[in-house]
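Here is input-v1.cif, consisting of mmCIF, C-alpha atoms and all ligand atoms:
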data_model
loop_
_atom_site.group_PDB
_atom_site.id
_atom_site.type_symbol
_atom_site.label_atom_id
_atom_site.label_comp_id
_atom_site.auth_asym_id
_atom_site.auth_seq_id
_atom_site.Cartn_x
_atom_site.Cartn_y
_atom_site.Cartn_z
ATOM 1 C CA MET A 19 10.451 141.691 -109.778
ATOM 2 C CA LEU A 20 8.371 139.735 -112.322
ATOM 3 C CA SER A 21 7.004 142.682 -114.230
ATOM 4 C CA GLY A 22 6.270 141.757 -117.873
ATOM 5 C CA LYS A 23 6.589 138.034 -117.236
ATOM 6 C CA CYS A 24 3.668 135.660 -117.796
ATOM 7 C CA ALA A 25 2.704 132.916 -115.346
ATOM 8 C CA VAL A 26 0.308 130.040 -115.959
ATOM 9 C CA VAL A 27 -0.988 128.683 -112.647
ATOM 10 C CA THR A 28 -3.135 125.554 -112.933
ATOM 11 C CA GLY A 29 -5.955 125.060 -110.449
ATOM 12 C CA SER A 30 -5.857 128.708 -109.440
ATOM 13 C CA THR A 31 -9.584 129.286 -108.921
ATOM 14 C CA SER A 32 -9.227 128.059 -105.325
ATOM 15 C CA GLY A 33 -6.912 127.348 -102.413
ATOM 16 C CA ILE A 34 -3.149 127.186 -102.875
ATOM 17 C CA GLY A 35 -3.244 127.988 -106.610
ATOM 18 C CA LEU A 36 -5.130 131.204 -105.946
ATOM 19 C CA GLY A 37 -2.587 132.122 -103.247
ATOM 20 C CA ILE A 38 0.225 131.532 -105.764
ATOM 21 C CA ALA A 39 -1.528 133.556 -108.490
ATOM 22 C CA ARG A 40 -1.999 136.452 -106.046
ATOM 23 C CA ALA A 41 1.666 136.336 -104.960
ATOM 24 C CA LEU A 42 2.956 136.297 -108.567
ATOM 25 C CA ALA A 43 0.555 139.091 -109.598
ATOM 26 C CA GLY A 44 1.802 141.036 -106.562
ATOM 27 C CA GLU A 45 5.275 140.935 -108.153
ATOM 28 C CA GLY A 46 3.912 142.242 -111.452
ATOM 29 C CA ALA A 47 3.482 139.022 -113.448
ATOM 30 C CA ASN A 48 0.603 138.664 -115.890
ATOM 31 C CA ILE A 49 -1.439 135.611 -114.956
ATOM 32 C CA MET A 50 -3.325 132.873 -116.785
ATOM 33 C CA LEU A 51 -5.791 131.430 -114.294
ATOM 34 C CA ASN A 52 -7.164 127.903 -114.706
ATOM 35 C CA GLY A 53 -9.528 125.685 -112.762
ATOM 36 C CA PHE A 54 -13.173 124.843 -112.266
ATOM 37 C CA GLY A 55 -15.902 126.857 -110.590
ATOM 38 C CA ASP A 56 -18.857 129.136 -111.138
ATOM 39 C CA ALA A 57 -18.251 131.215 -114.299
ATOM 40 C CA GLN A 58 -19.433 134.481 -112.723
ATOM 41 C CA GLU A 59 -17.341 133.940 -109.606
ATOM 42 C CA ILE A 60 -14.246 133.190 -111.726
ATOM 43 C CA GLU A 61 -14.803 136.334 -113.809
ATOM 44 C CA ARG A 62 -15.170 138.372 -110.594
ATOM 45 C CA LEU A 63 -11.905 136.869 -109.332
ATOM 46 C CA ARG A 64 -10.117 137.544 -112.642
ATOM 47 C CA ALA A 65 -11.204 141.191 -112.752
ATOM 48 C CA ALA A 66 -10.398 141.759 -109.052
ATOM 49 C CA LEU A 67 -6.855 140.372 -109.447
ATOM 50 C CA ALA A 68 -6.225 142.542 -112.519
ATOM 51 C CA ALA A 69 -7.517 145.669 -110.751
ATOM 52 C CA GLU A 70 -5.704 145.064 -107.454
ATOM 53 C CA PHE A 71 -2.280 144.347 -108.948
ATOM 54 C CA LYS A 72 -2.525 146.285 -112.244
ATOM 55 C CA VAL A 73 -1.515 143.253 -114.308
ATOM 56 C CA LYS A 74 -3.210 141.397 -117.139
ATOM 57 C CA VAL A 75 -5.176 138.374 -115.969
ATOM 58 C CA ALA A 76 -6.722 135.837 -118.342
ATOM 59 C CA TYR A 77 -8.634 132.642 -117.609
ATOM 60 C CA ASN A 78 -8.535 129.292 -119.391
ATOM 61 C CA ALA A 79 -11.038 126.559 -118.524
ATOM 62 C CA ALA A 80 -8.850 123.594 -119.591
ATOM 63 C CA ASP A 81 -9.806 120.288 -118.010
ATOM 64 C CA LEU A 82 -6.377 118.953 -117.092
ATOM 65 C CA THR A 83 -7.453 115.332 -117.512
ATOM 66 C CA GLN A 84 -7.359 116.098 -121.267
ATOM 67 C CA PRO A 85 -3.793 116.435 -122.668
ATOM 68 C CA ALA A 86 -5.037 118.368 -125.734
ATOM 69 C CA GLN A 87 -6.687 120.930 -123.466
ATOM 70 C CA VAL A 88 -3.454 121.326 -121.477
ATOM 71 C CA ARG A 89 -1.566 122.045 -124.707
ATOM 72 C CA ASP A 90 -4.288 124.469 -125.863
ATOM 73 C CA MET A 91 -4.064 126.345 -122.538
ATOM 74 C CA ILE A 92 -0.304 126.872 -122.978
ATOM 75 C CA ALA A 93 -0.867 127.957 -126.608
ATOM 76 C CA ALA A 94 -3.583 130.394 -125.486
ATOM 77 C CA ALA A 95 -1.295 131.920 -122.818
ATOM 78 C CA THR A 96 1.487 132.258 -125.399
ATOM 79 C CA ARG A 97 -0.905 134.032 -127.815
ATOM 80 C CA GLU A 98 -2.254 136.294 -125.072
ATOM 81 C CA PHE A 99 1.014 137.264 -123.357
ATOM 82 C CA GLY A 100 3.739 136.437 -125.911
ATOM 83 C CA ALA A 101 5.355 133.680 -123.847
ATOM 84 C CA VAL A 102 4.953 131.517 -120.777
ATOM 85 C CA ASP A 103 7.866 132.431 -118.497
ATOM 86 C CA ILE A 104 6.555 130.744 -115.360
ATOM 87 C CA LEU A 105 4.569 127.523 -115.147
ATOM 88 C CA VAL A 106 3.085 126.461 -111.822
ATOM 89 C CA ASN A 107 1.597 122.966 -111.928
ATOM 90 C CA ASN A 108 -0.694 123.199 -108.938
ATOM 91 C CA ALA A 109 -4.062 121.605 -109.738
ATOM 92 C CA GLY A 110 -4.734 118.463 -107.775
ATOM 93 C CA ILE A 111 -7.469 116.268 -106.356
ATOM 94 C CA GLN A 112 -7.628 113.723 -103.574
ATOM 95 C CA TYR A 113 -9.476 110.437 -103.161
ATOM 96 C CA THR A 114 -9.166 108.176 -100.136
ATOM 97 C CA ALA A 115 -9.811 104.432 -100.003
ATOM 98 C CA ARG A 116 -7.821 101.283 -99.328
ATOM 99 C CA VAL A 117 -6.151 99.854 -102.446
ATOM 100 C CA GLU A 118 -8.568 96.916 -102.641
ATOM 101 C CA ASP A 119 -11.524 99.332 -102.621
ATOM 102 C CA PHE A 120 -9.972 102.066 -104.785
ATOM 103 C CA PRO A 121 -12.205 102.751 -107.838
ATOM 104 C CA GLU A 122 -10.223 102.483 -111.104
ATOM 105 C CA ASP A 123 -11.706 105.691 -112.481
ATOM 106 C CA ARG A 124 -10.582 107.638 -109.357
ATOM 107 C CA TRP A 125 -7.054 106.214 -109.760
ATOM 108 C CA ASP A 126 -7.018 107.336 -113.398
ATOM 109 C CA ALA A 127 -8.353 110.812 -112.545
ATOM 110 C CA VAL A 128 -5.840 111.439 -109.731
ATOM 111 C CA ILE A 129 -2.911 110.271 -111.887
ATOM 112 C CA ALA A 130 -4.123 112.354 -114.850
ATOM 113 C CA ILE A 131 -4.593 115.612 -112.922
ATOM 114 C CA ASN A 132 -1.898 115.359 -110.230
ATOM 115 C CA LEU A 133 0.873 113.837 -112.401
ATOM 116 C CA SER A 134 0.292 113.522 -116.158
ATOM 117 C CA SER A 135 -0.966 117.107 -116.570
ATOM 118 C CA ASN A 136 2.386 118.310 -115.186
ATOM 119 C CA PHE A 137 4.200 116.356 -117.906
ATOM 120 C CA HIS A 138 1.955 117.671 -120.695
ATOM 121 C CA ALA A 139 2.232 121.303 -119.534
ATOM 122 C CA ILE A 140 6.014 121.105 -119.070
ATOM 123 C CA LYS A 141 6.427 119.494 -122.496
ATOM 124 C CA ALA A 142 4.415 122.331 -124.016
ATOM 125 C CA VAL A 143 6.334 125.212 -122.361
ATOM 126 C CA ILE A 144 9.926 123.956 -122.623
ATOM 127 C CA PRO A 145 10.617 124.698 -126.336
ATOM 128 C CA LYS A 146 9.812 128.427 -126.008
ATOM 129 C CA MET A 147 11.593 128.667 -122.654
ATOM 130 C CA ARG A 148 14.662 127.160 -124.379
ATOM 131 C CA GLU A 149 14.419 129.744 -127.195
ATOM 132 C CA ARG A 150 14.348 132.547 -124.607
ATOM 133 C CA ASN A 151 16.781 130.751 -122.274
ATOM 134 C CA TRP A 152 14.728 131.624 -119.218
ATOM 135 C CA GLY A 153 11.990 129.844 -117.356
ATOM 136 C CA ARG A 154 10.700 128.821 -113.972
ATOM 137 C CA ILE A 155 8.706 125.635 -113.465
ATOM 138 C CA VAL A 156 7.272 125.062 -110.003
ATOM 139 C CA ASN A 157 5.394 121.843 -109.307
ATOM 140 C CA ILE A 158 3.171 121.743 -106.245
ATOM 141 C CA ALA A 159 3.814 118.239 -104.932
ATOM 142 C CA SER A 160 3.147 117.418 -101.271
ATOM 143 C CA ALA A 161 4.681 115.964 -98.138
ATOM 144 C CA HIS A 162 3.058 112.897 -99.722
ATOM 145 C CA GLY A 163 5.683 113.172 -102.474
ATOM 146 C CA LEU A 164 8.243 111.956 -99.926
ATOM 147 C CA VAL A 165 6.300 109.855 -97.418
ATOM 148 C CA ALA A 166 3.047 107.920 -97.550
ATOM 149 C CA SER A 167 -0.220 107.701 -95.653
ATOM 150 C CA ALA A 168 -2.700 104.843 -95.777
ATOM 151 C CA GLU A 169 -5.715 105.101 -98.106
ATOM 152 C CA LYS A 170 -4.043 107.565 -100.487
ATOM 153 C CA ALA A 171 -2.520 105.197 -103.080
ATOM 154 C CA ALA A 172 -3.201 107.306 -106.170
ATOM 155 C CA TYR A 173 -2.292 110.628 -104.544
ATOM 156 C CA VAL A 174 0.950 109.349 -102.974
ATOM 157 C CA THR A 175 1.932 107.627 -106.233
ATOM 158 C CA ALA A 176 1.241 110.769 -108.267
ATOM 159 C CA LYS A 177 3.118 113.081 -105.873
ATOM 160 C CA HIS A 178 6.167 110.764 -105.725
ATOM 161 C CA GLY A 179 6.032 110.817 -109.529
ATOM 162 C CA VAL A 180 5.931 114.607 -109.589
ATOM 163 C CA LEU A 181 9.203 114.709 -107.640
ATOM 164 C CA GLY A 182 10.805 112.323 -110.142
ATOM 165 C CA LEU A 183 9.604 114.406 -113.080
ATOM 166 C CA THR A 184 10.875 117.564 -111.341
ATOM 167 C CA LYS A 185 14.390 116.124 -111.052
ATOM 168 C CA VAL A 186 14.499 114.948 -114.683
ATOM 169 C CA VAL A 187 13.328 118.324 -116.032
ATOM 170 C CA ALA A 188 15.836 120.112 -113.781
ATOM 171 C CA LEU A 189 18.683 117.933 -115.097
ATOM 172 C CA GLU A 190 17.676 118.227 -118.758
ATOM 173 C CA ASN A 191 17.837 122.029 -118.406
ATOM 174 C CA ALA A 192 20.706 122.271 -115.938
ATOM 175 C CA THR A 193 22.975 124.325 -118.207
ATOM 176 C CA THR A 194 20.207 126.806 -119.065
ATOM 177 C CA HIS A 195 18.416 129.531 -117.129
ATOM 178 C CA ILE A 196 15.375 127.273 -116.818
ATOM 179 C CA THR A 197 14.851 125.798 -113.361
ATOM 180 C CA CYS A 198 12.346 123.197 -112.205
ATOM 181 C CA ASN A 199 11.550 122.634 -108.536
ATOM 182 C CA ALA A 200 8.807 121.230 -106.363
ATOM 183 C CA ILE A 201 7.143 122.556 -103.233
ATOM 184 C CA CYS A 202 5.923 119.972 -100.726
ATOM 185 C CA PRO A 203 3.169 121.441 -98.564
ATOM 186 C CA GLY A 204 1.943 119.742 -95.419
ATOM 187 C CA TRP A 205 -1.641 120.505 -94.377
ATOM 188 C CA VAL A 206 -3.015 123.742 -95.821
ATOM 189 C CA LEU A 207 -6.634 124.590 -94.972
ATOM 190 C CA THR A 208 -8.255 124.600 -98.435
ATOM 191 C CA PRO A 209 -11.449 122.971 -99.803
ATOM 192 C CA LEU A 210 -9.376 119.823 -100.578
ATOM 193 C CA VAL A 211 -8.489 119.418 -96.892
ATOM 194 C CA GLN A 212 -11.816 120.707 -95.526
ATOM 195 C CA LYS A 213 -13.432 117.682 -97.228
ATOM 196 C CA GLN A 214 -11.130 115.362 -95.256
ATOM 197 C CA ILE A 215 -11.921 117.233 -91.999
ATOM 198 C CA ASP A 216 -15.672 116.911 -92.721
ATOM 199 C CA GLN A 217 -15.264 113.151 -93.373
ATOM 200 C CA ARG A 218 -13.284 112.718 -90.138
ATOM 201 C CA ALA A 219 -15.831 114.675 -88.065
ATOM 202 C CA ALA A 220 -18.730 112.677 -89.535
ATOM 203 C CA SER A 221 -17.163 109.203 -89.301
ATOM 204 C CA GLN A 222 -15.818 109.681 -85.756
ATOM 205 C CA LYS A 223 -18.811 111.757 -84.563
ATOM 206 C CA ILE A 224 -16.547 114.538 -83.271
ATOM 207 C CA SER A 225 -16.729 118.336 -83.611
ATOM 208 C CA MET A 226 -15.155 120.104 -86.586
ATOM 209 C CA GLN A 227 -12.636 121.742 -84.247
ATOM 210 C CA GLN A 228 -11.628 118.373 -82.754
ATOM 211 C CA ALA A 229 -11.331 116.863 -86.263
ATOM 212 C CA LYS A 230 -9.069 119.728 -87.333
ATOM 213 C CA HIS A 231 -6.885 119.314 -84.246
ATOM 214 C CA ASP A 232 -6.629 115.526 -84.697
ATOM 215 C CA LEU A 233 -5.754 115.872 -88.395
ATOM 216 C CA LEU A 234 -2.871 118.216 -87.548
ATOM 217 C CA ALA A 235 -1.711 116.266 -84.484
ATOM 218 C CA GLU A 236 -1.340 113.090 -86.559
ATOM 219 C CA LYS A 237 1.209 114.603 -89.000
ATOM 220 C CA GLN A 238 2.080 118.267 -88.512
ATOM 221 C CA PRO A 239 4.104 118.988 -85.324
ATOM 222 C CA SER A 240 3.521 122.768 -85.465
ATOM 223 C CA LEU A 241 -0.218 122.046 -85.007
ATOM 224 C CA GLU A 242 -0.830 124.916 -87.403
ATOM 225 C CA PHE A 243 -1.860 124.868 -91.042
ATOM 226 C CA ALA A 244 0.555 126.253 -93.640
ATOM 227 C CA THR A 245 -1.119 128.965 -95.731
ATOM 228 C CA PRO A 246 -1.606 129.606 -99.457
ATOM 229 C CA GLN A 247 0.223 132.922 -98.896
ATOM 230 C CA GLN A 248 3.298 131.064 -97.608
ATOM 231 C CA ILE A 249 3.287 128.717 -100.607
ATOM 232 C CA GLY A 250 2.859 131.773 -102.861
ATOM 233 C CA ALA A 251 5.827 133.539 -101.253
ATOM 234 C CA LEU A 252 8.078 130.497 -101.761
ATOM 235 C CA THR A 253 6.965 130.280 -105.409
ATOM 236 C CA VAL A 254 7.926 133.935 -105.886
ATOM 237 C CA PHE A 255 11.332 133.208 -104.339
ATOM 238 C CA LEU A 256 11.851 130.248 -106.699
ATOM 239 C CA CYS A 257 11.190 132.660 -109.593
ATOM 240 C CA SER A 258 13.874 135.058 -108.368
ATOM 241 C CA GLU A 259 17.497 135.347 -109.476
ATOM 242 C CA ALA A 260 18.565 134.358 -105.944
ATOM 243 C CA ALA A 261 17.012 130.934 -106.557
ATOM 244 C CA SER A 262 18.674 130.320 -109.912
ATOM 245 C CA GLN A 263 20.877 127.512 -108.544
ATOM 246 C CA ILE A 264 18.049 125.737 -106.766
ATOM 247 C CA ARG A 265 17.367 122.924 -109.232
ATOM 248 C CA GLY A 266 15.396 119.724 -108.901
ATOM 249 C CA ALA A 267 14.675 120.397 -105.233
ATOM 250 C CA ALA A 268 11.699 119.298 -103.144
ATOM 251 C CA LEU A 269 11.088 122.086 -100.623
ATOM 252 C CA PRO A 270 8.799 121.296 -97.685
ATOM 253 C CA VAL A 271 6.394 123.856 -96.165
ATOM 254 C CA ASP A 272 4.977 121.398 -93.689
ATOM 255 C CA GLY A 273 5.184 122.501 -90.048
ATOM 256 C CA GLY A 274 7.777 119.776 -89.404
ATOM 257 C CA TRP A 275 5.846 116.835 -90.947
ATOM 258 C CA LEU A 276 8.897 115.498 -92.814
ATOM 259 C CA ALA A 277 11.347 116.073 -89.961
ATOM 260 C CA GLN A 278 9.871 113.156 -88.026
HETATM 261 P P1 LIG A 301 -8.311 122.971 -104.000
HETATM 262 O O1 LIG A 301 -9.315 121.869 -104.090
HETATM 263 O O2 LIG A 301 -8.601 124.159 -103.153
HETATM 264 O O3 LIG A 301 -7.935 123.502 -105.445
HETATM 265 C C1 LIG A 301 -7.717 122.629 -106.530
HETATM 266 C C2 LIG A 301 -7.760 123.408 -107.803
HETATM 267 O O4 LIG A 301 -7.575 122.505 -108.898
HETATM 268 C C3 LIG A 301 -9.113 124.096 -108.055
HETATM 269 O O5 LIG A 301 -8.908 125.345 -108.688
HETATM 270 C C4 LIG A 301 -9.815 123.125 -109.010
HETATM 271 O O6 LIG A 301 -10.812 123.740 -109.815
HETATM 272 C C5 LIG A 301 -8.619 122.677 -109.836
HETATM 273 N N1 LIG A 301 -8.876 121.427 -110.551
HETATM 274 C C6 LIG A 301 -9.289 120.234 -110.064
HETATM 275 N N2 LIG A 301 -9.453 119.359 -111.073
HETATM 276 C C7 LIG A 301 -9.121 120.006 -112.214
HETATM 277 C C8 LIG A 301 -9.086 119.633 -113.595
HETATM 278 N N3 LIG A 301 -9.436 118.414 -114.010
HETATM 279 N N4 LIG A 301 -8.728 120.569 -114.503
HETATM 280 C C9 LIG A 301 -8.394 121.821 -114.108
HETATM 281 N N5 LIG A 301 -8.404 122.227 -112.824
HETATM 282 C C10 LIG A 301 -8.764 121.320 -111.886
HETATM 283 O O7 LIG A 301 -6.962 122.231 -103.529
HETATM 284 P P2 LIG A 301 -5.611 122.790 -102.857
HETATM 285 O O8 LIG A 301 -5.571 122.251 -101.483
HETATM 286 O O9 LIG A 301 -5.447 124.237 -103.077
HETATM 287 O O10 LIG A 301 -4.542 121.957 -103.692
HETATM 288 C C11 LIG A 301 -3.681 122.525 -104.649
HETATM 289 C C12 LIG A 301 -2.473 121.616 -104.829
HETATM 290 O O11 LIG A 301 -1.752 121.550 -103.613
HETATM 291 C C13 LIG A 301 -2.837 120.177 -105.203
HETATM 292 O O12 LIG A 301 -1.922 119.676 -106.142
HETATM 293 C C14 LIG A 301 -2.691 119.447 -103.888
HETATM 294 O O13 LIG A 301 -2.405 118.085 -104.065
HETATM 295 C C15 LIG A 301 -1.525 120.206 -103.283
HETATM 296 N N6 LIG A 301 -1.433 120.057 -101.836
HETATM 297 C C16 LIG A 301 -2.409 120.504 -101.022
HETATM 298 C C17 LIG A 301 -2.256 120.344 -99.654
HETATM 299 C C18 LIG A 301 -3.298 120.842 -98.692
HETATM 300 O O14 LIG A 301 -3.149 120.573 -97.497
HETATM 301 N N7 LIG A 301 -4.289 121.571 -99.091
HETATM 302 C C19 LIG A 301 -1.138 119.712 -99.139
HETATM 303 C C20 LIG A 301 -0.162 119.252 -100.012
HETATM 304 C C21 LIG A 301 -0.308 119.437 -101.366
#
I need this file expressed as structure tokens, please.
Amino acid sequence: MLSGKCAVVTGSTSGIGLGIARALAGEGANIMLNGFGDAQEIERLRAALAAEFKVKVAYNAADLTQPAQVRDMIAAATREFGAVDILVNNAGIQYTARVEDFPEDRWDAVIAINLSSNFHAIKAVIPKMRERNWGRIVNIASAHGLVASAEKAAYVTAKHGVLGLTKVVALENATTHITCNAICPGWVLTPLVQKQIDQRAASQKISMQQAKHDLLAEKQPSLEFATPQQIGALTVFLCSEAASQIRGAALPVDGGWLAQ
């Protein structure tokens, strides 16, 4: 379905981003991977994706806290593949503390990666998408884009901001074939969440299994994690023709979190 198209997926060396990259490659899209990690491991991942799905896969090491590096990543993908047809703003980090204890540099980092990088990447891809009159922008927000939890001031602020940005970009392109939507995952078992399970197990002196159960029971009525594959499949759907009138939406994949 996406054969010949090029997708840039930020933060795709791990977790949800990797699931999205795999799903898009599975539909024939060429992929620009991005994210941190061990160079050899990333190269192994890049080559394995290319071999498994018979698509071109490139990697760009842009640090998304740096707007110039975000722009360079989009320019590199355009040089490599001719155009960026699909942009998935996925990279994100978490930091938990009460507002009065929240370190300023962690606030700045969360806002830069989880929110501002989306703006810089979208700004960089829109002109060429307009020329070609086709594009799909998918922002990975969170259930925390619509509701809050204590001790997540920067993350909740950034994710609410992502939903605002998503709506504006959708409206500014409403009469074109460029759509912009957000996916709002609940808990997905990735390194980002494993860290929170580890913290919970350590601070409450409970087993890892109990910590996992408690984390889900607090928010996610299905008591099951959503998966990177499920987020990938929804991203593929948002790239399809069938989704061309879904614009500015915030789509939950959250086991019922937001239904409460
Ligand atoms: P993860 O920690 O597994 O992956 C994060 C990715 O972002 C990694 O590839 C990492 O290298 C990359 N990254 C981090 N900082 C970066 C930077 N400065 N520059 C470039 N890349 C950077 O996390 P995940 O759980 O897969 O999260 C992916 C997205 O999904 C995030 O935006 C997160 O907020 C969102 N999300 C996750 C969950 C969840 O339960 N896991 C729930 C809702 C939303």
- Near Leu210 of chain A, counting only C-alpha atoms, which residues have an atom at most 10 Å away, once you skip same-chain residues fewer than 2 positions from it, shown as an NGL selection string? :A and (32-34 or 110-113 or 205-208 or 212-215)
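Take the candidates A:Ser167, A:Gln228, A:Gln278, A:Thr245 and check each one against Ala115 of chain A using all atoms listed in the file; the shortest distance goes to A:Ser167.
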- Message: Applying the PyMOL selection byres (((not hetatm)) within 8 of (chain A and resi 301)) to the file I just gave you, which residues come out? Please list them as a PyMOL selection string.
- Response: chain A and resi 28-36+52-55+79-84+107-112+127+131-132+158-162+173+177+202-211+243-244+246
- Message: Let me make sure I understand: among A:Ile104, A:Leu189, A:Leu133, A:Ile201, which one has the smallest atom-to-atom distance to Val174 of chain A if we use all atoms listed in the file?
- Response: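 Among A:Ile104, A:Leu189, A:Leu133, A:Ile201, it is A:Leu133 that comes nearest to Val174 of chain A.
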- Enter the distance from atom CA of His138 of chain A to atom CA of Trp125 of chain A, in Å, rounded to one decimal. 18.2 Å
- Query: Do you know which residues the PyMOL selection byres (((chain A and resi 88-98) around 9) and not hetatm) returns on this file, as a ChimeraX atom specification?
  - Reply: /A:24-26,49-50,52,76,78-87,99-102,135,138-139,141-143
- Query: Which residues come within 10 Å of Leu256 of chain A, counting only C-alpha atoms, excluding same-chain residues fewer than 5 positions away, as a ChimeraX atom specification?
  - Reply: /A:154-156,197-201,250-251,261-265
- Hey, can you check how far atom CA of Val254 of chain A sits from atom CA of Leu42 of chain A?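 If I compute the distance from atom CA of Val254 of chain A to atom CA of Leu42 of chain A, I get 6.1 Å.
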Completion of segment 22-45 of chain A up to N, CA and C atoms, as a short mmCIF file (atom, residue, chain, number, x, y, z; two decimals), in the frame of the given file:
data_model
loop_
_atom_site.label_atom_id
_atom_site.label_comp_id
_atom_site.auth_asym_id
_atom_site.auth_seq_id
_atom_site.Cartn_x
_atom_site.Cartn_y
_atom_site.Cartn_z
N GLY A 22 6.15 142.12 -116.46
CA GLY A 22 6.27 141.76 -117.87
C GLY A 22 6.35 140.27 -118.11
N LYS A 23 6.54 139.49 -117.05
CA LYS A 23 6.59 138.03 -117.24
C LYS A 23 5.16 137.48 -117.20
N CYS A 24 5.00 136.29 -117.79
CA CYS A 24 3.67 135.66 -117.80
C CYS A 24 3.73 134.35 -117.03
N ALA A 25 2.77 134.16 -116.13
CA ALA A 25 2.70 132.92 -115.35
C ALA A 25 1.39 132.19 -115.60
N VAL A 26 1.49 130.90 -115.90
CA VAL A 26 0.31 130.04 -115.96
C VAL A 26 0.26 129.27 -114.64
N VAL A 27 -0.84 129.40 -113.92
CA VAL A 27 -0.99 128.68 -112.65
C VAL A 27 -2.21 127.77 -112.76
N THR A 28 -1.98 126.46 -112.79
CA THR A 28 -3.14 125.55 -112.93
C THR A 28 -3.87 125.44 -111.60
N GLY A 29 -5.16 125.21 -111.68
CA GLY A 29 -5.96 125.06 -110.45
C GLY A 29 -5.90 126.29 -109.58
N SER A 30 -6.04 127.46 -110.20
CA SER A 30 -5.86 128.71 -109.44
C SER A 30 -7.18 129.42 -109.15
N THR A 31 -8.30 128.69 -109.29
CA THR A 31 -9.58 129.29 -108.92
C THR A 31 -9.88 129.06 -107.44
N SER A 32 -8.95 128.44 -106.72
CA SER A 32 -9.23 128.06 -105.32
C SER A 32 -7.91 127.84 -104.59
N GLY A 33 -7.97 127.87 -103.28
CA GLY A 33 -6.91 127.35 -102.41
C GLY A 33 -5.50 127.83 -102.68
N ILE A 34 -4.58 126.88 -102.75
CA ILE A 34 -3.15 127.19 -102.88
C ILE A 34 -2.86 127.88 -104.21
N GLY A 35 -3.49 127.41 -105.29
CA GLY A 35 -3.24 127.99 -106.61
C GLY A 35 -3.62 129.47 -106.64
N LEU A 36 -4.72 129.80 -106.00
CA LEU A 36 -5.13 131.20 -105.95
C LEU A 36 -4.11 132.02 -105.14
N GLY A 37 -3.62 131.44 -104.05
CA GLY A 37 -2.59 132.12 -103.25
C GLY A 37 -1.33 132.37 -104.08
N ILE A 38 -0.96 131.39 -104.91
CA ILE A 38 0.22 131.53 -105.76
C ILE A 38 -0.02 132.60 -106.84
N ALA A 39 -1.21 132.56 -107.45
CA ALA A 39 -1.53 133.56 -108.49
C ALA A 39 -1.47 134.97 -107.90
N ARG A 40 -2.01 135.13 -106.70
CA ARG A 40 -2.00 136.45 -106.05
C ARG A 40 -0.55 136.90 -105.77
N ALA A 41 0.27 135.97 -105.29
CA ALA A 41 1.67 136.34 -104.96
C ALA A 41 2.44 136.72 -106.22
N LEU A 42 2.24 135.98 -107.32
CA LEU A 42 2.96 136.30 -108.57
C LEU A 42 2.44 137.61 -109.16
N ALA A 43 1.13 137.83 -109.11
CA ALA A 43 0.56 139.09 -109.60
C ALA A 43 1.09 140.25 -108.76
N GLY A 44 1.27 140.01 -107.47
CA GLY A 44 1.80 141.04 -106.56
C GLY A 44 3.21 141.47 -106.95
N GLU A 45 3.92 140.59 -107.67
CA GLU A 45 5.28 140.94 -108.15
C GLU A 45 5.23 141.45 -109.59
#
